[in-house]
Amino acid sequence: MKFFDDKNKKLTWWNRNYFYVGTIVIILINVFLFLVLGNSWEDGIISVDQFGHWGDPFYLNSTIASFLNAFSHANLQHVLLNMLCFSVCGIYLERKTGTFGIFGLVIFSAFISGIAVTCNDLSVSWHGFSGVNYFLYAYIIFDFLFCLKKEKKNKSNIILGSIVLLFIYVAMCFSEGVSGFGFKIYPYDLIYNMGHYSSFLIGCVMALFKNIVEITAEKSTKRL
């Protein structure tokens, strides 16, 4: 069905969209962790105040703490807003990558964003799924740009991608964080949050690399 799967991909069991189960389960996991374990449950596993290795991307404890922080939230508003943003991204990406693909992409983005954040001298008091969201924003932007190639163009992808990009821009314009609501006409939330722009930049690098590899592989196949 066109609504569930992008027609540009060759369907297999591992890249098929199983009725957006991946997006739904990831949302439920985040909400469950907050409701059952509270707002700083990761501190019981690895205390983020016990080490001072920020700026060292190869210090494992920092990366683990950043990864766990991606699934911890400050309050109910925080988790619900992050899951609202993720639901839009997840639906778009699960259609493209499949149910197993969205799971893999979220886990990968949480780890790689954790590494990107630990490259900064940043207090680990930040937490929330927004780092993953910003990685996915970058991934979606590049996916949309590359899907405008002549051989990949189709009306559904262009319309859905345009709607999601508009939502991403609006999400980036919020300015009050978890404490309230504020709105700017420029992407304030991207520019002034180190955790967000670190994740976004590494997402840009990874998405660009992925698309270049795919284009190179396609050209090699055509030559053969």
# chains A, B, ... in the order shown; residues from 1 in each chain; ligands from 1
$ residues_around --residues "Phe174 of chain A" --least-positions-apart "4" --cutoff "6 Å" --atoms "only C-alpha atoms" --output "list in words"
Gly182, Phe183 and Asp189 of chain A
$ closest_residue --among "A:Arg223, A:Lys96, A:Gly90, A:Ser156" --to "Lys10 of chain A" --atoms "only C-alpha atoms"
A:Lys96
$ atom_distance --atom1 "atom CA of Leu81 of chain A" --atom2 "atom CA of Asn15 of chain A"
27.8 Å
$ atom_distance --atom1 "atom CA of Phe71 of chain A" --atom2 "atom CA of Gly203 of chain A"
18.1 Å
$ select_by_dssp --residues "segment 44-220 of chain A" --states "helix (DSSP H, G or I)" --output "ChimeraX atom specification"
/A:44,60-69,76-97,99-118,130-146,150-152,155-172,188-192,194-220
$ closest_residue --among "A:His127, A:Ile107, A:Phe100, A:Ala217" --to "Thr12 of chain A" --atoms "only C-alpha atoms"
A:Phe100
$ residues_around --residues "segment 19-22 of chain A" --least-positions-apart "6" --cutoff "10 Å" --atoms "only C-alpha atoms" --output "PDB file with C-alpha atoms, in the first residue's frame"
ATOM      1  CA  PHE A   3       0.300   4.952   2.327  1.00  0.00           C
ATOM      2  CA  PHE A   4       2.402   2.485   4.310  1.00  0.00           C
ATOM      3  CA  ASP A   5       5.469   2.106   2.114  1.00  0.00           C
ATOM      4  CA  LEU A  28       5.178   4.178  24.327  1.00  0.00           C
ATOM      5  CA  SER A  87       5.509  11.038  15.815  1.00  0.00           C
ATOM      6  CA  GLY A  90       8.596   8.634  12.763  1.00  0.00           C
ATOM      7  CA  ILE A  91       5.590   8.278  10.488  1.00  0.00           C
ATOM      8  CA  TYR A  92       7.483   9.891   7.620  1.00  0.00           C
ATOM      9  CA  LEU A  93      10.630   7.808   8.162  1.00  0.00           C
ATOM     10  CA  GLU A  94       8.923   4.482   8.908  1.00  0.00           C
ATOM     11  CA  ARG A  95       7.230   4.736   5.540  1.00  0.00           C
ATOM     12  CA  GLY A  98      10.395   0.339   7.437  1.00  0.00           C
ATOM     13  CA  THR A  99       9.581  -0.679  11.010  1.00  0.00           C
ATOM     14  CA  PHE A 100      12.974  -2.285  11.700  1.00  0.00           C
ATOM     15  CA  GLY A 101      14.623   0.663   9.980  1.00  0.00           C
ATOM     16  CA  ILE A 102      13.080   3.272  12.289  1.00  0.00           C
ATOM     17  CA  PHE A 103      14.140   1.260  15.356  1.00  0.00           C
ATOM     18  CA  GLY A 104      17.696   1.060  14.061  1.00  0.00           C
ATOM     19  CA  VAL A 106      16.564   5.874  16.526  1.00  0.00           C
TER      20      VAL A 106
END
$ residues_around --residues "Cys173 of chain A" --least-positions-apart "4" --cutoff "10 Å" --atoms "only C-alpha atoms" --output "list in words"
Ile168, Tyr169, Gly182, Phe183, Lys184, Ile185, Tyr186, Pro187, Tyr188, Asp189, Leu190 and Ile191 of chain A
$ write_last_selection --atoms "all heavy atoms" --output "mmCIF file, in the first residue's frame"
data_model
loop_
_atom_site.group_PDB
_atom_site.id
_atom_site.type_symbol
_atom_site.label_atom_id
_atom_site.label_comp_id
_atom_site.auth_asym_id
_atom_site.auth_seq_id
_atom_site.Cartn_x
_atom_site.Cartn_y
_atom_site.Cartn_z
ATOM 1 N N ILE A 168 8.928 20.745 10.914
ATOM 2 C CA ILE A 168 10.280 20.817 11.483
ATOM 3 C C ILE A 168 10.688 22.261 11.705
ATOM 4 O O ILE A 168 11.240 22.615 12.753
ATOM 5 C CB ILE A 168 11.280 20.095 10.560
ATOM 6 C CG1 ILE A 168 11.088 18.576 10.646
ATOM 7 C CG2 ILE A 168 12.727 20.459 10.916
ATOM 8 C CD1 ILE A 168 11.897 17.792 9.632
ATOM 9 N N TYR A 169 10.411 23.119 10.737
ATOM 10 C CA TYR A 169 10.760 24.534 10.883
ATOM 11 C C TYR A 169 10.028 25.154 12.071
ATOM 12 O O TYR A 169 10.626 25.868 12.885
ATOM 13 C CB TYR A 169 10.415 25.293 9.599
ATOM 14 C CG TYR A 169 10.621 26.772 9.725
ATOM 15 C CD1 TYR A 169 11.907 27.322 9.687
ATOM 16 C CD2 TYR A 169 9.538 27.635 9.910
ATOM 17 C CE1 TYR A 169 12.105 28.684 9.824
ATOM 18 C CE2 TYR A 169 9.729 28.994 10.049
ATOM 19 C CZ TYR A 169 11.012 29.512 10.005
ATOM 20 O OH TYR A 169 11.195 30.867 10.154
ATOM 21 N N GLY A 182 7.247 29.718 23.786
ATOM 22 C CA GLY A 182 7.632 30.964 23.152
ATOM 23 C C GLY A 182 7.919 30.657 21.694
ATOM 24 O O GLY A 182 8.248 29.524 21.338
ATOM 25 N N PHE A 183 7.802 31.644 20.830
ATOM 26 C CA PHE A 183 7.955 31.387 19.402
ATOM 27 C C PHE A 183 8.695 32.536 18.737
ATOM 28 O O PHE A 183 8.390 33.698 18.970
ATOM 29 C CB PHE A 183 6.583 31.203 18.747
ATOM 30 C CG PHE A 183 6.645 30.687 17.339
ATOM 31 C CD1 PHE A 183 6.830 29.334 17.088
ATOM 32 C CD2 PHE A 183 6.542 31.554 16.260
ATOM 33 C CE1 PHE A 183 6.900 28.848 15.792
ATOM 34 C CE2 PHE A 183 6.608 31.077 14.961
ATOM 35 C CZ PHE A 183 6.788 29.721 14.723
ATOM 36 N N LYS A 184 9.695 32.180 17.951
ATOM 37 C CA LYS A 184 10.437 33.142 17.146
ATOM 38 C C LYS A 184 10.183 32.836 15.676
ATOM 39 O O LYS A 184 9.725 31.747 15.329
ATOM 40 C CB LYS A 184 11.939 33.048 17.423
ATOM 41 C CG LYS A 184 12.323 33.133 18.905
ATOM 42 C CD LYS A 184 12.150 34.524 19.460
ATOM 43 C CE LYS A 184 12.683 34.591 20.889
ATOM 44 N NZ LYS A 184 12.477 35.918 21.506
ATOM 45 N N ILE A 185 10.515 33.778 14.813
ATOM 46 C CA ILE A 185 10.309 33.547 13.385
ATOM 47 C C ILE A 185 11.533 32.898 12.736
ATOM 48 O O ILE A 185 11.537 32.611 11.549
ATOM 49 C CB ILE A 185 9.961 34.853 12.638
ATOM 50 C CG1 ILE A 185 11.104 35.865 12.787
ATOM 51 C CG2 ILE A 185 8.647 35.415 13.120
ATOM 52 C CD1 ILE A 185 10.928 37.096 11.912
ATOM 53 N N TYR A 186 12.585 32.666 13.520
ATOM 54 C CA TYR A 186 13.783 31.980 13.034
ATOM 55 C C TYR A 186 14.027 30.776 13.940
ATOM 56 O O TYR A 186 13.479 30.694 15.043
ATOM 57 C CB TYR A 186 14.986 32.929 13.051
ATOM 58 C CG TYR A 186 15.343 33.472 14.407
ATOM 59 C CD1 TYR A 186 16.311 32.852 15.203
ATOM 60 C CD2 TYR A 186 14.707 34.608 14.912
ATOM 61 C CE1 TYR A 186 16.632 33.347 16.461
ATOM 62 C CE2 TYR A 186 15.027 35.109 16.161
ATOM 63 C CZ TYR A 186 15.988 34.482 16.925
ATOM 64 O OH TYR A 186 16.312 34.963 18.169
ATOM 65 N N PRO A 187 14.854 29.798 13.521
ATOM 66 C CA PRO A 187 15.022 28.549 14.293
ATOM 67 C C PRO A 187 15.829 28.741 15.582
ATOM 68 O O PRO A 187 16.953 28.251 15.723
ATOM 69 C CB PRO A 187 15.735 27.622 13.309
ATOM 70 C CG PRO A 187 16.420 28.528 12.354
ATOM 71 C CD PRO A 187 15.531 29.726 12.215
ATOM 72 N N TYR A 188 15.230 29.424 16.538
ATOM 73 C CA TYR A 188 15.872 29.754 17.812
ATOM 74 C C TYR A 188 16.334 28.503 18.552
ATOM 75 O O TYR A 188 17.447 28.439 19.067
ATOM 76 C CB TYR A 188 14.871 30.537 18.674
ATOM 77 C CG TYR A 188 15.380 30.893 20.063
ATOM 78 C CD1 TYR A 188 15.930 32.139 20.314
ATOM 79 C CD2 TYR A 188 15.288 29.987 21.123
ATOM 80 C CE1 TYR A 188 16.396 32.476 21.583
ATOM 81 C CE2 TYR A 188 15.752 30.307 22.386
ATOM 82 C CZ TYR A 188 16.295 31.562 22.613
ATOM 83 O OH TYR A 188 16.761 31.876 23.866
ATOM 84 N N ASP A 189 15.467 27.501 18.588
ATOM 85 C CA ASP A 189 15.745 26.299 19.373
ATOM 86 C C ASP A 189 16.942 25.537 18.821
ATOM 87 O O ASP A 189 17.667 24.872 19.561
ATOM 88 C CB ASP A 189 14.509 25.395 19.378
ATOM 89 C CG ASP A 189 14.602 24.298 20.427
ATOM 90 O OD1 ASP A 189 14.955 24.612 21.577
ATOM 91 O OD2 ASP A 189 14.347 23.135 20.090
ATOM 92 N N LEU A 190 17.155 25.619 17.517
ATOM 93 C CA LEU A 190 18.319 24.980 16.901
ATOM 94 C C LEU A 190 19.598 25.753 17.216
ATOM 95 O O LEU A 190 20.622 25.171 17.568
ATOM 96 C CB LEU A 190 18.120 24.902 15.383
ATOM 97 C CG LEU A 190 19.339 24.466 14.564
ATOM 98 C CD1 LEU A 190 19.747 23.039 14.916
ATOM 99 C CD2 LEU A 190 19.052 24.592 13.076
ATOM 100 N N ILE A 191 19.532 27.068 17.137
ATOM 101 C CA ILE A 191 20.729 27.904 17.243
ATOM 102 C C ILE A 191 21.261 27.987 18.661
ATOM 103 O O ILE A 191 22.475 27.973 18.890
ATOM 104 C CB ILE A 191 20.420 29.322 16.707
ATOM 105 C CG1 ILE A 191 20.096 29.255 15.212
ATOM 106 C CG2 ILE A 191 21.591 30.268 16.958
ATOM 107 C CD1 ILE A 191 19.553 30.555 14.649
#
$ closest_residue --among "A:Asn75, A:Ser109, A:Thr97, A:Asn17" --to "Met206 of chain A" --atoms "only C-alpha atoms"
A:Ser109
$ atom_distance --atom1 "atom CA of Leu166 of chain A" --atom2 "atom CA of Ala138 of chain A"
13.1 Å
$ closest_residue --among "A:Leu68, A:Phe142, A:Ile158, A:Ala171" --to "Phe209 of chain A" --atoms "only C-alpha atoms"
A:Phe142
$ residues_around --residues "Asn211 of chain A" --least-positions-apart "2" --cutoff "12 Å" --atoms "only C-alpha atoms" --output "ChimeraX atom specification"
/A:139-147,149,204-209,213-218
$ closest_residue --among "A:Gln77, A:Asn157, A:Ile26, A:Asn82" --to "Asp6 of chain A" --atoms "only C-alpha atoms"
A:Asn157
